[in-house]
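Asker: What follows is start.txt; its format and atoms are compact mmCIF, N, CA and C atoms.
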# COMPACT_ATOMS: atom_id res chain seq x y z
N ASP A 1 0.84 -1.19 0.00
CA ASP A 1 0.00 0.00 0.00
C ASP A 1 0.87 1.24 0.00
N SER A 2 0.41 2.30 -0.62
CA SER A 2 1.20 3.52 -0.76
C SER A 2 1.27 4.31 0.53
N GLY A 3 0.48 3.95 1.53
CA GLY A 3 0.46 4.68 2.78
C GLY A 3 -0.41 5.91 2.72
N ASP A 4 -1.09 6.11 1.60
CA ASP A 4 -1.99 7.25 1.44
C ASP A 4 -3.27 6.97 2.21
N GLU A 5 -3.34 7.47 3.43
CA GLU A 5 -4.45 7.15 4.34
C GLU A 5 -5.79 7.64 3.82
N THR A 6 -5.81 8.66 2.97
CA THR A 6 -7.08 9.19 2.47
C THR A 6 -7.80 8.17 1.58
N GLU A 7 -7.05 7.22 1.02
CA GLU A 7 -7.67 6.21 0.17
C GLU A 7 -8.17 5.01 0.96
N GLN A 8 -7.99 5.00 2.27
CA GLN A 8 -8.37 3.86 3.10
C GLN A 8 -9.89 3.68 3.15
N ILE A 9 -10.63 4.78 3.12
CA ILE A 9 -12.08 4.71 3.19
C ILE A 9 -12.68 5.61 2.13
N PRO A 10 -13.87 5.27 1.63
CA PRO A 10 -14.51 6.15 0.64
C PRO A 10 -14.74 7.53 1.25
N PRO A 11 -14.59 8.58 0.45
CA PRO A 11 -14.74 9.94 0.97
C PRO A 11 -16.15 10.26 1.47
N SER A 12 -17.16 9.59 0.90
CA SER A 12 -18.53 9.81 1.37
C SER A 12 -19.41 8.66 0.93
N ASP A 13 -20.67 8.70 1.34
CA ASP A 13 -21.62 7.66 0.92
C ASP A 13 -22.36 8.05 -0.36
N ASN A 14 -21.92 9.10 -1.00
CA ASN A 14 -22.47 9.51 -2.29
C ASN A 14 -22.16 8.39 -3.29
N LEU A 15 -23.13 8.04 -4.13
CA LEU A 15 -22.96 6.92 -5.06
C LEU A 15 -21.73 7.09 -5.94
N ASP A 16 -21.55 8.26 -6.52
CA ASP A 16 -20.39 8.49 -7.40
C ASP A 16 -19.08 8.33 -6.64
N ALA A 17 -19.03 8.84 -5.42
CA ALA A 17 -17.81 8.73 -4.61
C ALA A 17 -17.51 7.26 -4.29
N LEU A 18 -18.54 6.51 -3.94
CA LEU A 18 -18.36 5.08 -3.66
C LEU A 18 -17.88 4.33 -4.90
N LEU A 19 -18.47 4.65 -6.05
CA LEU A 19 -18.08 3.98 -7.29
C LEU A 19 -16.65 4.32 -7.69
N ASP A 20 -16.28 5.61 -7.56
CA ASP A 20 -14.91 6.02 -7.89
C ASP A 20 -13.93 5.29 -6.99
N TYR A 21 -14.24 5.25 -5.69
CA TYR A 21 -13.38 4.58 -4.72
C TYR A 21 -13.27 3.09 -5.04
N ALA A 22 -14.41 2.44 -5.25
CA ALA A 22 -14.42 1.00 -5.53
C ALA A 22 -13.61 0.69 -6.79
N SER A 23 -13.78 1.50 -7.81
CA SER A 23 -13.05 1.29 -9.07
C SER A 23 -11.55 1.50 -8.89
N SER A 24 -11.16 2.55 -8.15
CA SER A 24 -9.73 2.80 -7.95
C SER A 24 -9.10 1.69 -7.12
N GLN A 25 -9.85 1.15 -6.14
CA GLN A 25 -9.32 0.04 -5.34
C GLN A 25 -9.17 -1.22 -6.20
N LYS A 26 -10.12 -1.42 -7.10
CA LYS A 26 -10.05 -2.58 -7.99
C LYS A 26 -8.82 -2.47 -8.90
N GLU A 27 -8.56 -1.26 -9.43
CA GLU A 27 -7.39 -1.04 -10.28
C GLU A 27 -6.09 -1.28 -9.52
N ARG A 28 -6.09 -0.99 -8.23
CA ARG A 28 -4.90 -1.18 -7.39
C ARG A 28 -4.77 -2.62 -6.89
N SER A 29 -5.73 -3.47 -7.26
CA SER A 29 -5.77 -4.87 -6.81
C SER A 29 -6.01 -5.00 -5.31
N THR A 30 -6.62 -3.98 -4.70
CA THR A 30 -7.05 -4.11 -3.30
C THR A 30 -8.53 -4.49 -3.36
N TYR A 31 -8.72 -5.77 -3.70
CA TYR A 31 -10.05 -6.28 -4.03
C TYR A 31 -11.01 -6.27 -2.86
N GLN A 32 -10.55 -6.53 -1.65
CA GLN A 32 -11.46 -6.54 -0.51
C GLN A 32 -12.05 -5.15 -0.28
N ARG A 33 -11.22 -4.12 -0.40
CA ARG A 33 -11.72 -2.74 -0.26
C ARG A 33 -12.71 -2.40 -1.36
N SER A 34 -12.39 -2.84 -2.56
CA SER A 34 -13.28 -2.61 -3.69
C SER A 34 -14.62 -3.31 -3.45
N LEU A 35 -14.54 -4.56 -3.02
CA LEU A 35 -15.74 -5.35 -2.73
C LEU A 35 -16.58 -4.67 -1.64
N ASP A 36 -15.92 -4.23 -0.57
CA ASP A 36 -16.64 -3.57 0.53
C ASP A 36 -17.35 -2.30 0.04
N ALA A 37 -16.69 -1.54 -0.80
CA ALA A 37 -17.28 -0.29 -1.31
C ALA A 37 -18.46 -0.58 -2.24
N PHE A 38 -18.30 -1.57 -3.13
CA PHE A 38 -19.41 -1.94 -4.02
C PHE A 38 -20.60 -2.46 -3.19
N ARG A 39 -20.32 -3.24 -2.16
CA ARG A 39 -21.40 -3.76 -1.30
C ARG A 39 -22.11 -2.62 -0.58
N ARG A 40 -21.33 -1.66 -0.09
CA ARG A 40 -21.94 -0.50 0.60
C ARG A 40 -22.83 0.27 -0.37
N ALA A 41 -22.35 0.47 -1.58
CA ALA A 41 -23.13 1.19 -2.59
C ALA A 41 -24.43 0.44 -2.89
N LEU A 42 -24.35 -0.88 -3.03
CA LEU A 42 -25.55 -1.68 -3.32
C LEU A 42 -26.53 -1.60 -2.16
N LYS A 43 -26.02 -1.66 -0.94
CA LYS A 43 -26.88 -1.59 0.24
C LYS A 43 -27.60 -0.24 0.32
N LEU A 44 -26.87 0.83 0.03
CA LEU A 44 -27.44 2.19 0.14
C LEU A 44 -28.29 2.57 -1.06
N TYR A 45 -28.01 1.99 -2.22
CA TYR A 45 -28.67 2.43 -3.46
C TYR A 45 -29.38 1.28 -4.18
N ARG A 46 -30.04 0.41 -3.40
CA ARG A 46 -30.78 -0.72 -3.98
C ARG A 46 -31.86 -0.28 -4.97
N GLU A 47 -32.42 0.92 -4.75
CA GLU A 47 -33.50 1.41 -5.60
C GLU A 47 -32.97 2.03 -6.90
N SER A 48 -31.68 2.24 -6.97
CA SER A 48 -31.07 2.94 -8.09
C SER A 48 -31.00 2.06 -9.34
N GLU A 49 -30.95 2.73 -10.50
CA GLU A 49 -30.76 1.99 -11.75
C GLU A 49 -29.38 1.37 -11.82
N ALA A 50 -28.45 1.89 -11.01
CA ALA A 50 -27.08 1.36 -10.99
C ALA A 50 -26.99 0.04 -10.22
N ALA A 51 -27.98 -0.26 -9.40
CA ALA A 51 -27.92 -1.42 -8.51
C ALA A 51 -27.58 -2.75 -9.22
N PRO A 52 -28.22 -3.07 -10.36
CA PRO A 52 -27.87 -4.34 -11.02
C PRO A 52 -26.39 -4.40 -11.43
N TYR A 53 -25.86 -3.26 -11.83
CA TYR A 53 -24.46 -3.21 -12.25
C TYR A 53 -23.53 -3.37 -11.05
N LEU A 54 -23.96 -2.83 -9.90
CA LEU A 54 -23.19 -3.02 -8.67
C LEU A 54 -23.16 -4.51 -8.31
N ALA A 55 -24.29 -5.17 -8.44
CA ALA A 55 -24.37 -6.61 -8.15
C ALA A 55 -23.44 -7.40 -9.06
N ILE A 56 -23.36 -7.02 -10.33
CA ILE A 56 -22.47 -7.69 -11.28
C ILE A 56 -21.01 -7.50 -10.87
N GLU A 57 -20.66 -6.28 -10.47
CA GLU A 57 -19.28 -6.00 -10.01
C GLU A 57 -18.94 -6.87 -8.80
N ILE A 58 -19.87 -6.92 -7.84
CA ILE A 58 -19.65 -7.72 -6.63
C ILE A 58 -19.48 -9.19 -6.98
N ALA A 59 -20.38 -9.71 -7.81
CA ALA A 59 -20.33 -11.13 -8.20
C ALA A 59 -19.03 -11.44 -8.94
N THR A 60 -18.57 -10.52 -9.78
CA THR A 60 -17.32 -10.74 -10.53
C THR A 60 -16.13 -10.80 -9.58
N LEU A 61 -16.08 -9.89 -8.62
CA LEU A 61 -14.98 -9.91 -7.64
C LEU A 61 -15.01 -11.20 -6.82
N LEU A 62 -16.20 -11.64 -6.44
CA LEU A 62 -16.34 -12.88 -5.67
C LEU A 62 -15.92 -14.09 -6.51
N LYS A 63 -16.36 -14.13 -7.77
CA LYS A 63 -15.99 -15.22 -8.67
C LYS A 63 -14.48 -15.27 -8.83
N ASP A 64 -13.86 -14.11 -9.02
CA ASP A 64 -12.42 -14.07 -9.25
C ASP A 64 -11.63 -14.65 -8.09
N ARG A 65 -12.17 -14.55 -6.88
CA ARG A 65 -11.42 -15.10 -5.74
C ARG A 65 -11.90 -16.50 -5.34
N GLY A 66 -12.86 -17.05 -6.09
CA GLY A 66 -13.31 -18.42 -5.84
C GLY A 66 -14.49 -18.53 -4.90
N SER A 67 -15.15 -17.42 -4.59
CA SER A 67 -16.33 -17.45 -3.70
C SER A 67 -17.59 -17.61 -4.54
N TYR A 68 -17.72 -18.79 -5.16
CA TYR A 68 -18.80 -19.02 -6.12
C TYR A 68 -20.18 -19.00 -5.49
N ASP A 69 -20.35 -19.64 -4.31
CA ASP A 69 -21.65 -19.63 -3.65
C ASP A 69 -22.10 -18.21 -3.34
N GLU A 70 -21.17 -17.42 -2.83
CA GLU A 70 -21.49 -16.04 -2.48
C GLU A 70 -21.87 -15.23 -3.73
N ALA A 71 -21.15 -15.45 -4.82
CA ALA A 71 -21.45 -14.76 -6.08
C ALA A 71 -22.85 -15.15 -6.58
N ILE A 72 -23.16 -16.44 -6.51
CA ILE A 72 -24.49 -16.93 -6.91
C ILE A 72 -25.57 -16.27 -6.05
N ASN A 73 -25.33 -16.20 -4.74
CA ASN A 73 -26.31 -15.59 -3.83
C ASN A 73 -26.53 -14.11 -4.13
N VAL A 74 -25.46 -13.39 -4.40
CA VAL A 74 -25.58 -11.96 -4.72
C VAL A 74 -26.45 -11.78 -5.97
N LEU A 75 -26.17 -12.56 -6.99
CA LEU A 75 -26.95 -12.42 -8.24
C LEU A 75 -28.39 -12.88 -8.06
N SER A 76 -28.59 -13.97 -7.33
CA SER A 76 -29.96 -14.46 -7.09
C SER A 76 -30.78 -13.42 -6.32
N ASP A 77 -30.18 -12.89 -5.25
CA ASP A 77 -30.88 -11.86 -4.45
C ASP A 77 -31.14 -10.61 -5.28
N SER A 78 -30.23 -10.29 -6.17
CA SER A 78 -30.34 -9.06 -6.94
C SER A 78 -31.36 -9.14 -8.06
N ARG A 79 -31.83 -10.32 -8.38
CA ARG A 79 -32.88 -10.43 -9.41
C ARG A 79 -34.15 -9.74 -8.96
N GLY A 80 -34.30 -9.47 -7.65
CA GLY A 80 -35.47 -8.77 -7.15
C GLY A 80 -35.29 -7.26 -7.04
N LEU A 81 -34.18 -6.74 -7.54
CA LEU A 81 -33.94 -5.30 -7.45
C LEU A 81 -34.97 -4.51 -8.26
N PRO A 82 -35.38 -3.34 -7.75
CA PRO A 82 -36.33 -2.50 -8.48
C PRO A 82 -35.86 -2.15 -9.90
N GLY A 83 -34.55 -1.98 -10.09
CA GLY A 83 -34.03 -1.61 -11.41
C GLY A 83 -33.90 -2.78 -12.37
N LEU A 84 -34.38 -3.95 -11.96
CA LEU A 84 -34.21 -5.14 -12.79
C LEU A 84 -35.50 -5.96 -12.79
N ASN A 85 -36.36 -5.68 -13.77
CA ASN A 85 -37.56 -6.51 -13.86
C ASN A 85 -37.29 -7.66 -14.83
N GLN A 86 -38.20 -8.59 -14.91
CA GLN A 86 -37.97 -9.79 -15.72
C GLN A 86 -37.82 -9.48 -17.21
N GLN A 87 -38.29 -8.31 -17.66
CA GLN A 87 -38.14 -7.96 -19.07
C GLN A 87 -36.78 -7.30 -19.35
N HIS A 88 -36.10 -6.90 -18.31
CA HIS A 88 -34.82 -6.21 -18.46
C HIS A 88 -33.80 -7.17 -19.09
N PRO A 89 -33.05 -6.71 -20.11
CA PRO A 89 -32.06 -7.60 -20.75
C PRO A 89 -31.02 -8.14 -19.76
N LEU A 90 -30.72 -7.38 -18.72
CA LEU A 90 -29.75 -7.83 -17.73
C LEU A 90 -30.26 -9.04 -16.94
N ASP A 91 -31.57 -9.18 -16.82
CA ASP A 91 -32.10 -10.31 -16.06
C ASP A 91 -31.65 -11.62 -16.69
N GLN A 92 -31.67 -11.70 -18.02
CA GLN A 92 -31.21 -12.92 -18.70
C GLN A 92 -29.73 -13.14 -18.44
N GLU A 93 -28.96 -12.05 -18.41
CA GLU A 93 -27.53 -12.17 -18.10
C GLU A 93 -27.32 -12.71 -16.68
N PHE A 94 -28.16 -12.26 -15.74
CA PHE A 94 -28.07 -12.75 -14.37
C PHE A 94 -28.36 -14.26 -14.34
N ILE A 95 -29.41 -14.68 -15.04
CA ILE A 95 -29.79 -16.10 -15.09
C ILE A 95 -28.64 -16.93 -15.66
N GLU A 96 -28.05 -16.46 -16.77
CA GLU A 96 -26.97 -17.20 -17.41
C GLU A 96 -25.72 -17.23 -16.53
N THR A 97 -25.42 -16.12 -15.86
CA THR A 97 -24.23 -16.08 -15.01
C THR A 97 -24.40 -16.99 -13.80
N ILE A 98 -25.60 -17.00 -13.23
CA ILE A 98 -25.88 -17.91 -12.10
C ILE A 98 -25.68 -19.36 -12.55
N ALA A 99 -26.21 -19.70 -13.71
CA ALA A 99 -26.06 -21.07 -14.24
C ALA A 99 -24.58 -21.39 -14.46
N TYR A 100 -23.86 -20.45 -15.04
CA TYR A 100 -22.43 -20.66 -15.29
C TYR A 100 -21.66 -20.89 -13.99
N LEU A 101 -21.93 -20.05 -12.99
CA LEU A 101 -21.25 -20.18 -11.70
C LEU A 101 -21.58 -21.50 -11.02
N ARG A 102 -22.81 -21.95 -11.17
CA ARG A 102 -23.19 -23.26 -10.60
C ARG A 102 -22.43 -24.39 -11.30
N ILE A 103 -22.28 -24.28 -12.61
CA ILE A 103 -21.52 -25.28 -13.36
C ILE A 103 -20.05 -25.26 -12.92
N VAL A 104 -19.49 -24.06 -12.76
CA VAL A 104 -18.10 -23.93 -12.30
C VAL A 104 -17.96 -24.63 -10.94
N LYS A 105 -18.85 -24.26 -10.02
CA LYS A 105 -18.80 -24.80 -8.66
C LYS A 105 -18.91 -26.33 -8.67
N ASN A 106 -19.89 -26.86 -9.38
CA ASN A 106 -20.12 -28.31 -9.41
C ASN A 106 -18.97 -29.05 -10.09
N THR A 107 -18.41 -28.46 -11.14
CA THR A 107 -17.28 -29.10 -11.83
C THR A 107 -16.06 -29.13 -10.92
N LEU A 108 -15.81 -28.03 -10.21
CA LEU A 108 -14.67 -28.00 -9.27
C LEU A 108 -14.87 -29.03 -8.16
N LEU A 109 -16.09 -29.14 -7.67
CA LEU A 109 -16.38 -30.14 -6.63
C LEU A 109 -16.17 -31.55 -7.17
N HIS A 110 -16.66 -31.79 -8.38
CA HIS A 110 -16.53 -33.10 -9.03
C HIS A 110 -15.06 -33.51 -9.14
N HIS A 111 -14.20 -32.54 -9.44
CA HIS A 111 -12.77 -32.83 -9.61
C HIS A 111 -11.99 -32.64 -8.29
N ARG A 112 -12.73 -32.42 -7.21
CA ARG A 112 -12.14 -32.25 -5.87
C ARG A 112 -11.07 -31.16 -5.84
N LEU A 113 -11.35 -30.05 -6.52
CA LEU A 113 -10.40 -28.94 -6.57
C LEU A 113 -10.70 -27.87 -5.52
N GLY A 114 -11.85 -27.99 -4.86
CA GLY A 114 -12.22 -26.94 -3.91
C GLY A 114 -12.56 -25.66 -4.66
N PHE A 115 -12.77 -24.61 -3.93
CA PHE A 115 -13.17 -23.36 -4.58
C PHE A 115 -11.95 -22.50 -4.84
N ILE A 116 -11.25 -22.86 -5.91
CA ILE A 116 -10.05 -22.12 -6.28
C ILE A 116 -10.45 -20.86 -7.03
N PRO A 117 -9.61 -19.82 -6.99
CA PRO A 117 -9.91 -18.60 -7.75
C PRO A 117 -10.11 -18.93 -9.23
N PHE A 118 -10.99 -18.19 -9.85
CA PHE A 118 -11.40 -18.47 -11.23
C PHE A 118 -10.20 -18.56 -12.17
N HIS A 119 -9.25 -17.63 -12.06
CA HIS A 119 -8.09 -17.62 -12.97
C HIS A 119 -7.13 -18.78 -12.74
N ARG A 120 -7.33 -19.54 -11.66
CA ARG A 120 -6.45 -20.69 -11.39
C ARG A 120 -7.06 -22.01 -11.85
N ILE A 121 -8.24 -21.95 -12.43
CA ILE A 121 -8.87 -23.19 -12.91
C ILE A 121 -8.03 -23.74 -14.07
N PRO A 122 -7.60 -25.00 -13.97
CA PRO A 122 -6.79 -25.59 -15.06
C PRO A 122 -7.54 -25.56 -16.40
N THR A 123 -6.78 -25.42 -17.47
CA THR A 123 -7.35 -25.28 -18.82
C THR A 123 -8.31 -26.40 -19.18
N ALA A 124 -7.94 -27.63 -18.87
CA ALA A 124 -8.79 -28.78 -19.21
C ALA A 124 -10.14 -28.68 -18.48
N ILE A 125 -10.10 -28.25 -17.24
CA ILE A 125 -11.33 -28.11 -16.44
C ILE A 125 -12.16 -26.93 -17.00
N ALA A 126 -11.49 -25.85 -17.37
CA ALA A 126 -12.19 -24.69 -17.93
C ALA A 126 -12.92 -25.07 -19.23
N LYS A 127 -12.27 -25.91 -20.04
CA LYS A 127 -12.91 -26.37 -21.28
C LYS A 127 -14.14 -27.22 -20.97
N GLU A 128 -14.03 -28.06 -19.95
CA GLU A 128 -15.15 -28.90 -19.52
C GLU A 128 -16.32 -28.01 -19.05
N ILE A 129 -16.00 -26.98 -18.27
CA ILE A 129 -17.01 -26.03 -17.78
C ILE A 129 -17.70 -25.35 -18.95
N ASP A 130 -16.89 -24.86 -19.91
CA ASP A 130 -17.46 -24.16 -21.06
C ASP A 130 -18.34 -25.07 -21.91
N ALA A 131 -17.93 -26.32 -22.08
CA ALA A 131 -18.74 -27.27 -22.85
C ALA A 131 -20.07 -27.54 -22.16
N GLU A 132 -20.01 -27.71 -20.83
CA GLU A 132 -21.25 -27.95 -20.09
C GLU A 132 -22.16 -26.73 -20.14
N PHE A 133 -21.58 -25.54 -20.09
CA PHE A 133 -22.38 -24.32 -20.17
C PHE A 133 -23.02 -24.19 -21.56
N ARG A 134 -22.28 -24.54 -22.61
CA ARG A 134 -22.86 -24.51 -23.97
C ARG A 134 -24.05 -25.47 -24.04
N ASP A 135 -23.90 -26.68 -23.46
CA ASP A 135 -25.02 -27.64 -23.43
C ASP A 135 -26.21 -27.04 -22.70
N TRP A 136 -25.95 -26.39 -21.57
CA TRP A 136 -27.03 -25.78 -20.79
C TRP A 136 -27.74 -24.71 -21.61
N ARG A 137 -26.99 -23.88 -22.31
CA ARG A 137 -27.59 -22.80 -23.13
C ARG A 137 -28.44 -23.40 -24.26
N ASN A 138 -27.97 -24.49 -24.85
CA ASN A 138 -28.73 -25.13 -25.93
C ASN A 138 -30.03 -25.70 -25.42
N LEU A 139 -30.04 -26.14 -24.17
CA LEU A 139 -31.27 -26.67 -23.57
C LEU A 139 -32.20 -25.57 -23.10
N ALA A 140 -31.63 -24.46 -22.68
CA ALA A 140 -32.40 -23.35 -22.10
C ALA A 140 -33.13 -22.56 -23.12
Would you give me this structure, written as structure tokens?
Answerer:
Amino acid sequence: DSGDETEQIPPSDNLDALLDYASSQKERSTYQRSLDAFRRALKLYRESEAAPYLAIEIATLLKDRGSYDEAINVLSDSRGLPGLNQQHPLDQEFIETIAYLRIVKNTLLHHRLGFIPFHRIPTAIAKEIDAEFRDWRNLA
């Protein structure tokens, strides 16, 4: 860390300030701070049109560190957001991402790999996951 104490906490609970802070923390690879800021923004601005996008950011950060169940829960809970009705194009993306994360989780369990970070999934396993997801999409 650079020791810049002003970056330790978001400057305010204003949505733009939280988003700027969360994004800058993500760029610095301080993912927990980024995650905390995105979660705070989602908690405070659930009614906002930005809320579904906040949920996607949170789920992506969780997926990247291997917290697949938590990512699935965030997306599942977020399907009820005011800014996301069933006709919203993002709703289909949420459904597909939830299905994909479930396939990732189940494939990792099947191969007894535990919940490893997404970028550490071996290539052969990633191909298996992608093939299973393609099958799921063809059925859906």
Asker: Quick one: residues within 7 Å of stretch 77-79 of chain A, all atoms listed in the file, excluding same-chain residues fewer than 6 positions away - as an mmCIF file with N, CA and C atoms, keeping the file's coordinate frame?
Answerer:
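Contents of selection-v5.cif, freshly written:
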data_model
loop_
_atom_site.group_PDB
_atom_site.id
_atom_site.type_symbol
_atom_site.label_atom_id
_atom_site.label_comp_id
_atom_site.auth_asym_id
_atom_site.auth_seq_id
_atom_site.Cartn_x
_atom_site.Cartn_y
_atom_site.Cartn_z
ATOM 1 N N PRO A 52 -28.220 -3.070 -10.360
ATOM 2 C CA PRO A 52 -27.870 -4.340 -11.020
ATOM 3 C C PRO A 52 -26.390 -4.400 -11.430
ATOM 4 N N ALA A 55 -24.290 -5.170 -8.440
ATOM 5 C CA ALA A 55 -24.370 -6.610 -8.150
ATOM 6 C C ALA A 55 -23.440 -7.400 -9.060
ATOM 7 N N ASN A 85 -36.360 -5.680 -13.770
ATOM 8 C CA ASN A 85 -37.560 -6.510 -13.860
ATOM 9 C C ASN A 85 -37.290 -7.660 -14.830
ATOM 10 N N ASP A 91 -31.570 -9.180 -16.820
ATOM 11 C CA ASP A 91 -32.100 -10.310 -16.060
ATOM 12 C C ASP A 91 -31.650 -11.620 -16.690
#
Asker: Out of A:Glu70, A:Asp64, A:Asp13, A:Glu132, which residue has the shortest atom-to-atom distance to A:Arg40 when counting only N, CA and C atoms?
Answerer: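 Result for the nearest residue to A:Arg40: A:Asp13.
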Asker: Using only N, CA and C atoms, find the one residue out of A:Gln87, A:Arg28, A:Leu19, A:Ala59 that sits nearest to A:Ala41.
Answerer: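 The answer is A:Leu19, which sits nearest to A:Ala41.
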Asker: Given the point (-19.5, -18.5, -7.3) in the file's coordinates, find the residues that have an atom at most 6.5 Å from it, counting only N, CA and C atoms, and give them as a compact mmCIF listing (two decimals) with N, CA and C atoms, in the coordinates of the input.
Answerer:
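Contents of out.txt, as written:
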# COMPACT_ATOMS: atom_id res chain seq x y z
N LEU A 62 -16.20 -11.64 -6.44
CA LEU A 62 -16.34 -12.88 -5.67
C LEU A 62 -15.92 -14.09 -6.51
N LYS A 63 -16.36 -14.13 -7.77
CA LYS A 63 -15.99 -15.22 -8.67
C LYS A 63 -14.48 -15.27 -8.83
N GLY A 66 -12.86 -17.05 -6.09
CA GLY A 66 -13.31 -18.42 -5.84
C GLY A 66 -14.49 -18.53 -4.90
N SER A 67 -15.15 -17.42 -4.59
CA SER A 67 -16.33 -17.45 -3.70
C SER A 67 -17.59 -17.61 -4.54
N TYR A 68 -17.72 -18.79 -5.16
CA TYR A 68 -18.80 -19.02 -6.12
C TYR A 68 -20.18 -19.00 -5.49
N ASP A 69 -20.35 -19.64 -4.31
CA ASP A 69 -21.65 -19.63 -3.65
C ASP A 69 -22.10 -18.21 -3.34
N GLU A 70 -21.17 -17.42 -2.83
CA GLU A 70 -21.49 -16.04 -2.48
C GLU A 70 -21.87 -15.23 -3.73
N ALA A 71 -21.15 -15.45 -4.82
CA ALA A 71 -21.45 -14.76 -6.08
C ALA A 71 -22.85 -15.15 -6.58
N ILE A 72 -23.16 -16.44 -6.51
CA ILE A 72 -24.49 -16.93 -6.91
C ILE A 72 -25.57 -16.27 -6.05
N LEU A 101 -21.93 -20.05 -12.99
CA LEU A 101 -21.25 -20.18 -11.70
C LEU A 101 -21.58 -21.50 -11.02
N ARG A 102 -22.81 -21.95 -11.17
CA ARG A 102 -23.19 -23.26 -10.60
C ARG A 102 -22.43 -24.39 -11.30
N LYS A 105 -18.85 -24.26 -10.02
CA LYS A 105 -18.80 -24.80 -8.66
C LYS A 105 -18.91 -26.33 -8.67
Asker: Between A:Ala51, A:Phe38, A:Ile58, A:Thr30, which one has atoms that come closest to A:Leu18, using only N, CA and C atoms?
Answerer: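 Distance minimum relative to A:Leu18 lands on A:Phe38.
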Asker: Any chance you could list, as a count of residues only, the residues in stretch 20-140 of chain A that come up alpha helix (DSSP H) when DSSP is run on the backbone?
Answerer: 86
Asker: Go ahead and compute the interatomic distance for atom C of A:Thr60 and atom CA of A:Thr97, in Å to one decimal.
Answerer: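 Interatomic distance here is 11.1 Å.
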Asker: Given the choices A:Leu113, A:Ile95, A:Leu61, A:Ala50, which gets closest to A:Leu35 if the distance is worked out from all atoms listed in the file?
Answerer: A:Leu61
Asker: Would you mind telling me which residue in A:Ile98, A:Ile129, A:Ile116, A:Leu139 lies nearest to A:Asn73 when using only C-alpha atoms?
Answerer: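 For A:Asn73, the nearest of the given residues is A:Ile98.
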Asker: N, CA, C and O atoms are needed for stretch 38-49 of chain A; please write them out as a compact mmCIF listing (two decimals), in the frame of the given file.
Answerer:
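This is the output file out-v4.txt:
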# COMPACT_ATOMS: atom_id res chain seq x y z
N PHE A 38 -18.30 -1.57 -3.13
CA PHE A 38 -19.41 -1.94 -4.02
C PHE A 38 -20.60 -2.46 -3.19
O PHE A 38 -21.75 -2.13 -3.48
N ARG A 39 -20.32 -3.24 -2.16
CA ARG A 39 -21.40 -3.76 -1.30
C ARG A 39 -22.11 -2.62 -0.58
O ARG A 39 -23.33 -2.64 -0.45
N ARG A 40 -21.33 -1.66 -0.09
CA ARG A 40 -21.94 -0.50 0.60
C ARG A 40 -22.83 0.27 -0.37
O ARG A 40 -23.94 0.65 -0.03
N ALA A 41 -22.35 0.47 -1.58
CA ALA A 41 -23.13 1.19 -2.59
C ALA A 41 -24.43 0.44 -2.89
O ALA A 41 -25.50 1.05 -2.97
N LEU A 42 -24.35 -0.88 -3.03
CA LEU A 42 -25.55 -1.68 -3.32
C LEU A 42 -26.53 -1.60 -2.16
O LEU A 42 -27.74 -1.47 -2.37
N LYS A 43 -26.02 -1.66 -0.94
CA LYS A 43 -26.88 -1.59 0.24
C LYS A 43 -27.60 -0.24 0.32
O LYS A 43 -28.80 -0.18 0.59
N LEU A 44 -26.87 0.83 0.03
CA LEU A 44 -27.44 2.19 0.14
C LEU A 44 -28.29 2.57 -1.06
O LEU A 44 -29.18 3.41 -0.95
N TYR A 45 -28.01 1.99 -2.22
CA TYR A 45 -28.67 2.43 -3.46
C TYR A 45 -29.38 1.28 -4.18
O TYR A 45 -29.35 1.19 -5.40
N ARG A 46 -30.04 0.41 -3.40
CA ARG A 46 -30.78 -0.72 -3.98
C ARG A 46 -31.86 -0.28 -4.97
O ARG A 46 -32.20 -1.00 -5.88
N GLU A 47 -32.42 0.92 -4.75
CA GLU A 47 -33.50 1.41 -5.60
C GLU A 47 -32.97 2.03 -6.90
O GLU A 47 -33.74 2.32 -7.80
N SER A 48 -31.68 2.24 -6.97
CA SER A 48 -31.07 2.94 -8.09
C SER A 48 -31.00 2.06 -9.34
O SER A 48 -30.95 0.84 -9.25
N GLU A 49 -30.95 2.73 -10.50
CA GLU A 49 -30.76 1.99 -11.75
C GLU A 49 -29.38 1.37 -11.82
O GLU A 49 -29.13 0.45 -12.59
